[in-house]
file protein.tsv (TSV, C-alpha atoms)
chain	number	residue	atom	x	y	z
A	42	MET	CA	5.92	16.78	-30.32
A	43	THR	CA	9.34	16.28	-28.76
A	44	VAL	CA	8.56	18.88	-26.09
A	45	LEU	CA	5.29	17.12	-25.33
A	46	PHE	CA	7.17	13.84	-25.03
A	47	PHE	CA	9.64	15.24	-22.54
A	48	ILE	CA	7.00	16.92	-20.37
A	49	ALA	CA	4.91	13.73	-20.27
A	50	ALA	CA	8.04	11.69	-19.53
A	51	ALA	CA	8.90	13.96	-16.61
A	52	VAL	CA	5.36	13.65	-15.25
A	53	ALA	CA	5.53	9.87	-15.64
A	54	VAL	CA	8.82	9.59	-13.78
A	55	ILE	CA	7.75	11.94	-10.96
A	56	SER	CA	4.42	10.20	-10.42
A	57	THR	CA	6.03	6.74	-10.55
A	58	VAL	CA	8.55	7.78	-7.89
A	59	LEU	CA	5.63	9.02	-5.79
A	60	VAL	CA	3.85	5.66	-6.28
A	61	VAL	CA	6.84	3.89	-4.77
A	62	THR	CA	7.41	6.36	-1.94
A	63	ARG	CA	3.89	7.03	-0.66
A	64	SER	CA	2.98	5.14	2.48
A	65	ASN	CA	-0.77	5.51	2.06
A	66	LEU	CA	-2.08	2.87	-0.32
A	67	ILE	CA	-4.86	4.89	-1.92
A	68	HIS	CA	-2.51	7.83	-2.53
A	69	ALA	CA	-0.04	5.49	-4.22
A	70	LEU	CA	-2.80	4.15	-6.47
A	71	LEU	CA	-3.86	7.72	-7.37
A	72	TYR	CA	-0.31	8.47	-8.44
A	73	LEU	CA	-0.21	5.22	-10.39
A	74	VAL	CA	-3.26	6.35	-12.37
A	75	VAL	CA	-1.46	9.64	-13.10
A	76	SER	CA	1.60	7.69	-14.20
A	77	LEU	CA	-0.46	5.59	-16.60
A	78	PHE	CA	-2.08	8.73	-18.04
A	79	ALA	CA	1.38	10.21	-18.59
A	80	VAL	CA	2.55	7.05	-20.36
A	81	ALA	CA	-0.58	7.26	-22.52
A	82	ILE	CA	0.42	10.79	-23.54
A	83	VAL	CA	3.89	9.43	-24.32
A	84	PHE	CA	2.31	6.81	-26.58
A	85	PHE	CA	0.31	9.53	-28.29
A	86	THR	CA	3.45	11.56	-28.98
A	87	LEU	CA	5.17	8.45	-30.32
A	88	GLY	CA	2.47	8.08	-32.97
A	89	ALA	CA	0.53	5.22	-31.40
A	90	PRO	CA	-2.95	6.60	-30.64
A	91	PHE	CA	-4.64	3.19	-30.51
A	92	VAL	CA	-2.29	1.95	-27.80
A	93	ALA	CA	-2.68	5.26	-25.95
A	94	ALA	CA	-6.46	4.77	-25.86
A	95	LEU	CA	-6.03	1.17	-24.71
A	96	GLU	CA	-3.64	2.29	-21.99
A	97	VAL	CA	-6.29	4.63	-20.59
A	98	ILE	CA	-9.17	2.17	-20.99
A	99	VAL	CA	-7.56	-1.05	-19.82
A	100	TYR	CA	-4.74	0.00	-17.51
A	101	ALA	CA	-6.08	3.17	-15.92
A	102	GLY	CA	-9.66	1.96	-16.14
A	103	ALA	CA	-10.03	-1.76	-15.65
A	104	ILE	CA	-6.84	-2.79	-13.86
A	105	MET	CA	-6.81	0.20	-11.53
A	106	MET	CA	-10.46	-0.44	-10.72
A	107	LEU	CA	-9.44	-3.97	-9.76
A	108	PHE	CA	-6.73	-2.57	-7.48
A	109	VAL	CA	-9.13	-0.14	-5.82
A	110	PHE	CA	-11.67	-2.90	-5.25
A	111	ALA	CA	-8.99	-5.09	-3.72
A	112	VAL	CA	-7.96	-2.28	-1.38
A	113	MET	CA	-11.58	-1.76	-0.42
A	114	LEU	CA	-11.94	-5.48	0.30
A	115	LEU	CA	-8.67	-5.77	2.20
A	116	THR	CA	-8.19	-2.71	4.35
A	117	VAL	CA	-11.33	-1.61	6.10
A	118	ARG	CA	-10.54	1.10	8.61
A	119	ALA	CA	-13.41	2.91	10.24
A	120	ASP	CA	-11.19	5.34	12.14
A	121	ARG	CA	-9.91	7.11	9.07
A	122	PRO	CA	-11.80	10.09	7.66
A	123	SER	CA	-13.71	9.10	4.59
A	124	ARG	CA	-12.90	12.20	2.57
A	125	LEU	CA	-9.59	12.78	0.89
A	126	THR	CA	-7.73	15.80	2.21
A	127	TRP	CA	-6.08	18.54	0.19
A	128	SER	CA	-2.65	17.10	0.71
A	129	ALA	CA	-3.85	13.81	-0.76
A	130	TRP	CA	-5.08	15.02	-4.10
A	131	ALA	CA	-3.23	18.31	-4.67
A	132	GLY	CA	-0.25	16.45	-6.14
A	133	PRO	CA	-2.25	14.31	-8.59
A	134	VAL	CA	-4.34	17.35	-9.57
A	135	VAL	CA	-1.23	19.35	-10.44
A	136	LEU	CA	0.29	16.52	-12.47
A	137	VAL	CA	-2.97	15.74	-14.27
A	138	GLY	CA	-3.40	19.46	-14.96
A	139	ILE	CA	-0.05	19.45	-16.74
A	140	LEU	CA	-1.18	16.46	-18.78
A	141	LEU	CA	-4.52	18.12	-19.56
A	142	ALA	CA	-2.80	21.27	-20.82
A	143	GLU	CA	-0.56	19.08	-22.91
A	144	LEU	CA	-3.53	17.19	-24.34
A	145	ILE	CA	-5.37	20.40	-25.24
A	146	TYR	CA	-2.23	21.71	-26.90
A	147	GLY	CA	-1.78	18.43	-28.77
A	148	ILE	CA	-5.39	18.44	-29.99
A	149	GLY	CA	-4.92	22.03	-31.13
A	150	LEU	CA	-1.99	21.16	-33.33
A	151	SER	CA	-3.07	17.68	-34.39
A	152	GLY	CA	-3.02	17.11	-38.09
A	153	ARG	CA	0.34	18.73	-38.54
A	154	ALA	CA	1.98	17.25	-35.46
A	155	LEU	CA	0.91	13.73	-36.25
A	156	ASP	CA	2.53	13.64	-39.66
A	157	GLY	CA	4.70	10.80	-40.77
A	158	ALA	CA	5.09	7.86	-38.48
A	159	THR	CA	1.62	7.45	-37.02
A	160	VAL	CA	0.66	3.77	-36.89
A	161	GLY	CA	-3.09	3.76	-36.54
A	162	PRO	CA	-5.61	1.15	-35.46
A	163	ARG	CA	-5.94	-0.16	-39.02
A	164	ASP	CA	-2.34	-1.29	-39.24
A	165	VAL	CA	-2.37	-2.68	-35.70
A	166	SER	CA	-5.52	-4.70	-36.38
A	167	ALA	CA	-4.16	-6.01	-39.66
A	168	ALA	CA	-0.99	-7.18	-37.91
A	169	LEU	CA	-2.93	-8.54	-34.92
A	170	PHE	CA	-5.19	-10.75	-36.99
A	171	GLY	CA	-2.67	-11.44	-39.72
A	172	PRO	CA	0.67	-12.88	-38.60
A	173	TYR	CA	-0.11	-12.62	-34.87
A	174	VAL	CA	-3.45	-14.42	-34.79
A	175	LEU	CA	-1.92	-17.33	-32.91
A	176	GLY	CA	-0.83	-14.91	-30.19
A	177	VAL	CA	-4.39	-13.59	-29.94
A	178	GLU	CA	-5.65	-17.12	-29.38
A	179	LEU	CA	-2.96	-17.73	-26.77
A	180	ALA	CA	-3.88	-14.47	-25.02
A	181	SER	CA	-7.52	-15.54	-24.88
A	182	ILE	CA	-6.51	-18.90	-23.39
A	183	LEU	CA	-4.31	-17.08	-20.87
A	184	LEU	CA	-7.17	-14.81	-19.85
A	185	LEU	CA	-9.51	-17.79	-19.48
A	186	ALA	CA	-6.92	-19.55	-17.32
A	187	ALA	CA	-6.54	-16.42	-15.20
A	188	LEU	CA	-10.33	-16.23	-14.81
A	189	VAL	CA	-10.55	-19.84	-13.64
A	190	GLY	CA	-7.48	-19.44	-11.44
A	191	ALA	CA	-8.73	-16.29	-9.75
A	192	ARG	CA	-12.10	-17.90	-9.09
A	193	HIS	CA	-10.43	-21.01	-7.71
A	194	VAL	CA	-8.02	-19.15	-5.45
A	195	SER	CA	-10.60	-16.79	-4.01
A	196	ALA	CA	-13.21	-19.52	-3.42
A	197	GLN	CA	-13.81	-20.63	0.14
A	198	PRO	CA	-12.98	-24.27	0.92
A	199	ASP	CA	-15.90	-24.59	3.33
A	200	ASP	CA	-19.35	-23.75	2.09
A	201	GLY	CA	-20.74	-22.22	5.23
A	202	PRO	CA	-24.01	-20.37	4.67
A	203	GLY	CA	-23.96	-16.64	4.31
A	204	SER	CA	-20.40	-15.76	5.33
A	205	GLU	CA	-18.56	-15.44	2.03
A	206	ALA	CA	-19.75	-12.14	0.67
A	207	ALA	CA	-16.28	-10.65	0.21
A	208	PRO	CA	-14.38	-13.49	-1.52
A	209	GLU	CA	-17.26	-14.30	-3.82
A	210	GLY	CA	-17.42	-10.67	-4.89
A	211	ALA	CA	-13.66	-10.69	-5.41
A	212	GLY	CA	-13.76	-13.69	-7.70
A	213	ASP	CA	-16.63	-12.36	-9.71
A	214	GLY	CA	-14.98	-8.95	-9.99
A	215	ALA	CA	-11.75	-10.46	-11.26
A	216	GLY	CA	-13.63	-12.51	-13.81
A	217	ASP	CA	-15.58	-9.52	-14.94
A	218	GLU	CA	-12.40	-7.55	-15.49
A	219	ASP	CA	-10.92	-10.41	-17.42
A	220	GLU	CA	-13.84	-10.77	-19.75
A	221	ARG	CA	-13.87	-7.05	-20.33
A	222	ASP	CA	-10.19	-7.04	-21.13
A	223	ASP	CA	-10.64	-9.97	-23.46
A	224	GLU	CA	-13.26	-8.08	-25.35
A	225	GLU	CA	-10.92	-5.12	-25.50
A	226	ASP	CA	-8.30	-7.33	-26.98
A	227	GLU	CA	-10.40	-9.03	-29.60
A	228	PRO	CA	-11.44	-6.06	-31.79
B	267	MET	CA	8.74	18.13	-37.15
B	268	ALA	CA	11.37	16.29	-35.23
B	269	ALA	CA	10.23	12.93	-33.92
B	270	VAL	CA	11.20	11.50	-30.58
B	271	SER	CA	14.45	9.63	-30.84
B	272	LEU	CA	14.79	5.97	-29.96
B	273	ASP	CA	17.27	6.62	-27.18
B	274	HIS	CA	15.02	8.96	-25.23
B	275	GLY	CA	12.11	6.56	-25.30
B	276	LEU	CA	14.25	3.65	-24.21
B	277	ILE	CA	15.80	5.75	-21.44
B	278	LEU	CA	12.30	6.59	-20.20
B	279	ALA	CA	11.32	2.92	-20.30
B	280	GLY	CA	14.47	1.99	-18.42
B	281	LEU	CA	13.85	4.65	-15.79
B	282	LEU	CA	10.28	3.50	-15.20
B	283	PHE	CA	11.40	-0.12	-15.03
B	284	ALA	CA	14.14	0.74	-12.53
B	285	ILE	CA	11.73	2.70	-10.32
B	286	GLY	CA	9.27	-0.18	-10.38
B	287	PHE	CA	12.02	-2.66	-9.58
B	288	ALA	CA	13.29	-0.55	-6.69
B	289	GLY	CA	9.78	-0.39	-5.29
B	290	LEU	CA	9.40	-4.14	-5.73
B	291	LEU	CA	12.54	-4.69	-3.68
B	292	THR	CA	11.83	-2.15	-0.95
B	293	ARG	CA	8.08	-2.15	-0.34
B	294	ARG	CA	6.50	-4.96	1.65
B	295	ASN	CA	2.78	-4.44	1.05
B	296	VAL	CA	1.28	-7.00	-1.32
B	297	ILE	CA	-0.82	-4.43	-3.19
B	298	VAL	CA	2.15	-2.10	-3.69
B	299	VAL	CA	4.29	-5.00	-4.86
B	300	LEU	CA	1.64	-5.85	-7.47
B	301	ALA	CA	1.46	-2.18	-8.48
B	302	CYS	CA	5.25	-2.16	-8.93
B	303	ILE	CA	4.99	-5.24	-11.15
B	304	GLU	CA	2.39	-3.33	-13.17
B	305	ILE	CA	4.82	-0.41	-13.50
B	306	MET	CA	7.55	-2.74	-14.75
B	307	LEU	CA	5.24	-4.43	-17.27
B	308	ASN	CA	4.07	-1.03	-18.45
B	309	ALA	CA	7.68	0.07	-18.92
B	310	SER	CA	8.45	-3.02	-20.98
B	311	GLY	CA	5.41	-2.33	-23.12
B	312	LEU	CA	6.62	1.24	-23.53
B	313	ALA	CA	9.93	-0.11	-24.82
B	314	PHE	CA	8.02	-2.25	-27.35
B	315	VAL	CA	5.99	0.73	-28.56
B	316	VAL	CA	9.08	2.95	-28.79
B	317	ALA	CA	10.89	0.36	-30.87
B	318	GLY	CA	7.84	-0.14	-33.06
B	319	ALA	CA	7.50	3.61	-33.60
B	320	ARG	CA	11.16	3.89	-34.52
B	321	TRP	CA	10.68	1.76	-37.63
B	322	GLY	CA	7.04	2.71	-38.20
B	323	ARG	CA	5.78	-0.83	-37.81
B	324	ALA	CA	2.72	-2.10	-35.97
B	325	ASP	CA	4.52	-5.02	-34.35
B	326	GLY	CA	5.46	-3.06	-31.25
B	327	GLN	CA	1.86	-2.11	-30.59
B	328	VAL	CA	0.77	-5.72	-31.09
B	329	MET	CA	3.35	-6.81	-28.53
B	330	PHE	CA	2.05	-4.13	-26.18
B	331	LEU	CA	-1.42	-5.63	-26.51
B	332	PHE	CA	-0.04	-9.01	-25.49
B	333	VAL	CA	1.76	-7.43	-22.53
B	334	LEU	CA	-1.53	-5.76	-21.61
B	335	ALA	CA	-3.43	-9.06	-21.64
B	336	MET	CA	-0.71	-10.70	-19.59
B	337	ALA	CA	-0.75	-7.84	-17.06
B	338	ALA	CA	-4.52	-8.16	-16.70
B	339	ALA	CA	-4.26	-11.91	-16.11
B	340	GLU	CA	-1.41	-11.43	-13.65
B	341	VAL	CA	-3.16	-8.79	-11.61
B	342	ALA	CA	-6.41	-10.77	-11.44
B	343	VAL	CA	-4.67	-13.86	-10.07
B	344	GLY	CA	-2.34	-11.79	-7.88
B	345	LEU	CA	-5.12	-9.84	-6.22
B	346	ALA	CA	-7.11	-13.04	-5.67
B	347	ILE	CA	-4.06	-14.53	-3.96
B	348	ALA	CA	-3.67	-11.34	-1.91
B	349	ILE	CA	-7.27	-11.48	-0.71
B	350	ARG	CA	-6.92	-15.17	0.12
B	351	PHE	CA	-3.64	-14.48	1.92
B	352	ARG	CA	-5.24	-11.76	3.96
B	353	GLN	CA	-8.07	-14.08	4.93
B	354	THR	CA	-5.67	-16.87	5.88
B	355	THR	CA	-3.01	-14.96	7.79
B	356	GLY	CA	-4.66	-11.64	8.59
B	357	ARG	CA	-1.69	-9.73	7.23
B	358	LEU	CA	-0.63	-8.07	3.98
B	359	ASP	CA	3.12	-8.29	4.47
B	360	VAL	CA	4.97	-10.28	1.83
B	361	ASP	CA	7.69	-11.15	4.36
B	362	SER	CA	5.11	-13.04	6.39
B	363	ALA	CA	4.40	-15.28	3.39
B	364	ASP	CA	7.54	-17.36	3.75
B	365	GLU	CA	5.73	-20.50	4.86
B	366	LEU	CA	3.81	-22.71	2.46
B	367	LYS	CA	0.91	-23.67	4.64
B	368	GLY	CA	-1.81	-23.30	2.09
call {"tool": "encode", "arguments": {"input": "protein.tsv", "output": "structure tokens"}}
result
Amino acid sequence: MTVLFFIAAAVAVISTVLVVTRSNLIHALLYLVVSLFAVAIVFFTLGAPFVAALEVIVYAGAIMMLFVFAVMLLTVRADRPSRLTWSAWAGPVVLVGILLAELIYGIGLSGRALDGATVGPRDVSAALFGPYVLGVELASILLLAALVGARHVSAQPDDGPGSEAAPEGAGDGAGDEDERDDEEDEP
Amino acid sequence: MAAVSLDHGLILAGLLFAIGFAGLLTRRNVIVVLACIEIMLNASGLAFVVAGARWGRADGQVMFLFVLAMAAAEVAVGLAIAIRFRQTTGRLDVDSADELKG
């Protein structure tokens, strides 16, 4: 388990450095997804499988989808080729391949590798709705405030007919992500 | 089976936080700045989970859930502001946002 931790940590650090150093925005976001996957593997090796699943679902799923939609709304360039080239996705494929091999190895030895200090979803849920229930309520209020704020910021001040396709879609997309994340948080 | 020590996990969290902070200071694109903030929040959540796993308690994971909700709220508002900023000024450079003109 320690070896798995160090390999995933190395992948996380390498991909995070590549997020910061890439000049192409989509390539940086691809490496950010790889970095979040690597951190999820780190959570799994630390004995937190529930948080590892949430990292993949919420961070690498919902939040990264929000980023990609924002990039699609913001930077429209018709001159670029629409397909990703080999140099764009060879790096993420190699890093994700390392993580996949690690995951297969971890599944193969699960049961005896996850002995001891695994804190499962049962304990997390009991703590979340036991002493931390006030924090859950505050998180729901925060998400509602973010929903209203995102809708308010992205709304057009003038209501001209038929010209606000992009900002309306942005506000609705942000709200949709928020509601989804709220439902992730509640159970 | 030897578990991961507390120091290694915290060193990893510190490294990720430092990389995110360096990117926040050096990059000028709004989207990349938001992504760097996500990296830093993720690193802080990693520190919570490492500390929770050290003592075998669920509190670290609960705190990570709160960090997750806060990151989702932050990125929703931040990307809405970025889209609005792009519509207002036509640029995505954070250095061009030094004037409060609405």
call {"tool": "atom_distance", "arguments": {"input": "protein.tsv", "atom1": "atom CA of A:Val189", "atom2": "atom CA of B:Asn308"}}
result
24.3 Å
call {"tool": "residues_near_point", "arguments": {"input": "protein.tsv", "point": "(-0.2, -9.9, 1.8)", "cutoff": "9 Å", "atoms": "all atoms listed in the file", "output": "ChimeraX atom specification"}}
result
/B:294-297,347-352,355-363
call {"tool": "residues_near_point", "arguments": {"input": "protein.tsv", "point": "(-1.7, -1.5, -38.1)", "cutoff": "10 Å", "atoms": "only C-alpha atoms", "output": "PyMOL selection string"}}
result
(chain A and resi 89+91+159-170) or (chain B and resi 322-325+327-328)
call {"tool": "residues_around", "arguments": {"input": "protein.tsv", "residues": "stretch 283-291 of chain B", "least_positions_apart": "6", "cutoff": "10 Å", "atoms": "only C-alpha atoms", "output": "VMD selection string"}}
result
(chain A and resid 54 57 to 62) or (chain B and resid 277 298 to 310 312 to 313)
call {"tool": "closest_residue", "arguments": {"input": "protein.tsv", "among": "A:Ala129, A:Ala94, A:Leu87, A:Val109", "to": "chain B", "atoms": "all atoms listed in the file"}}
result
A:Leu87
call {"tool": "atom_distance", "arguments": {"input": "protein.tsv", "atom1": "atom CA of A:Val44", "atom2": "atom CA of A:Ile98"}}
result
24.9 Å
call {"tool": "atom_distance", "arguments": {"input": "protein.tsv", "atom1": "atom CA of A:Ile48", "atom2": "atom CA of B:Gly275"}}
result
12.6 Å
call {"tool": "residues_around", "arguments": {"input": "protein.tsv", "residues": "A:Ala49", "least_positions_apart": "2", "cutoff": "12 Å", "atoms": "all atoms listed in the file", "output": "PyMOL selection string"}}
result
(chain A and resi 42-47+51-56+75-87+136-144+147) or (chain B and resi 275+278)
call {"tool": "write_last_selection", "arguments": {"input": "protein.tsv", "atoms": "C-alpha atoms", "output": "short mmCIF file (atom, residue, chain, number, x, y, z; two decimals), in the coordinates of the input"}}
result
data_model
loop_
_atom_site.label_atom_id
_atom_site.label_comp_id
_atom_site.auth_asym_id
_atom_site.auth_seq_id
_atom_site.Cartn_x
_atom_site.Cartn_y
_atom_site.Cartn_z
CA MET A 42 5.92 16.78 -30.32
CA THR A 43 9.34 16.28 -28.76
CA VAL A 44 8.56 18.88 -26.09
CA LEU A 45 5.29 17.12 -25.33
CA PHE A 46 7.17 13.84 -25.03
CA PHE A 47 9.64 15.24 -22.54
CA ALA A 51 8.90 13.96 -16.61
CA VAL A 52 5.36 13.65 -15.25
CA ALA A 53 5.53 9.87 -15.64
CA VAL A 54 8.82 9.59 -13.78
CA ILE A 55 7.75 11.94 -10.96
CA SER A 56 4.42 10.20 -10.42
CA VAL A 75 -1.46 9.64 -13.10
CA SER A 76 1.60 7.69 -14.20
CA LEU A 77 -0.46 5.59 -16.60
CA PHE A 78 -2.08 8.73 -18.04
CA ALA A 79 1.38 10.21 -18.59
CA VAL A 80 2.55 7.05 -20.36
CA ALA A 81 -0.58 7.26 -22.52
CA ILE A 82 0.42 10.79 -23.54
CA VAL A 83 3.89 9.43 -24.32
CA PHE A 84 2.31 6.81 -26.58
CA PHE A 85 0.31 9.53 -28.29
CA THR A 86 3.45 11.56 -28.98
CA LEU A 87 5.17 8.45 -30.32
CA LEU A 136 0.29 16.52 -12.47
CA VAL A 137 -2.97 15.74 -14.27
CA GLY A 138 -3.40 19.46 -14.96
CA ILE A 139 -0.05 19.45 -16.74
CA LEU A 140 -1.18 16.46 -18.78
CA LEU A 141 -4.52 18.12 -19.56
CA ALA A 142 -2.80 21.27 -20.82
CA GLU A 143 -0.56 19.08 -22.91
CA LEU A 144 -3.53 17.19 -24.34
CA GLY A 147 -1.78 18.43 -28.77
CA GLY B 275 12.11 6.56 -25.30
CA LEU B 278 12.30 6.59 -20.20
#
call {"tool": "closest_residue", "arguments": {"input": "protein.tsv", "among": "B:Gly311, B:Thr292, B:Ala342, B:Glu365", "to": "chain A", "atoms": "only C-alpha atoms"}}
result
B:Ala342
call {"tool": "residues_around", "arguments": {"input": "protein.tsv", "residues": "B:Ala339", "least_positions_apart": "2", "cutoff": "9 Å", "atoms": "all atoms listed in the file", "output": "ChimeraX atom specification"}}
result
/A:183-188,191,219 /B:334-337,341-344
call {"tool": "closest_residue", "arguments": {"input": "protein.tsv", "among": "B:Thr354, B:Ala317, B:Leu345, B:Asp273", "to": "chain A", "atoms": "all atoms listed in the file"}}
result
B:Leu345
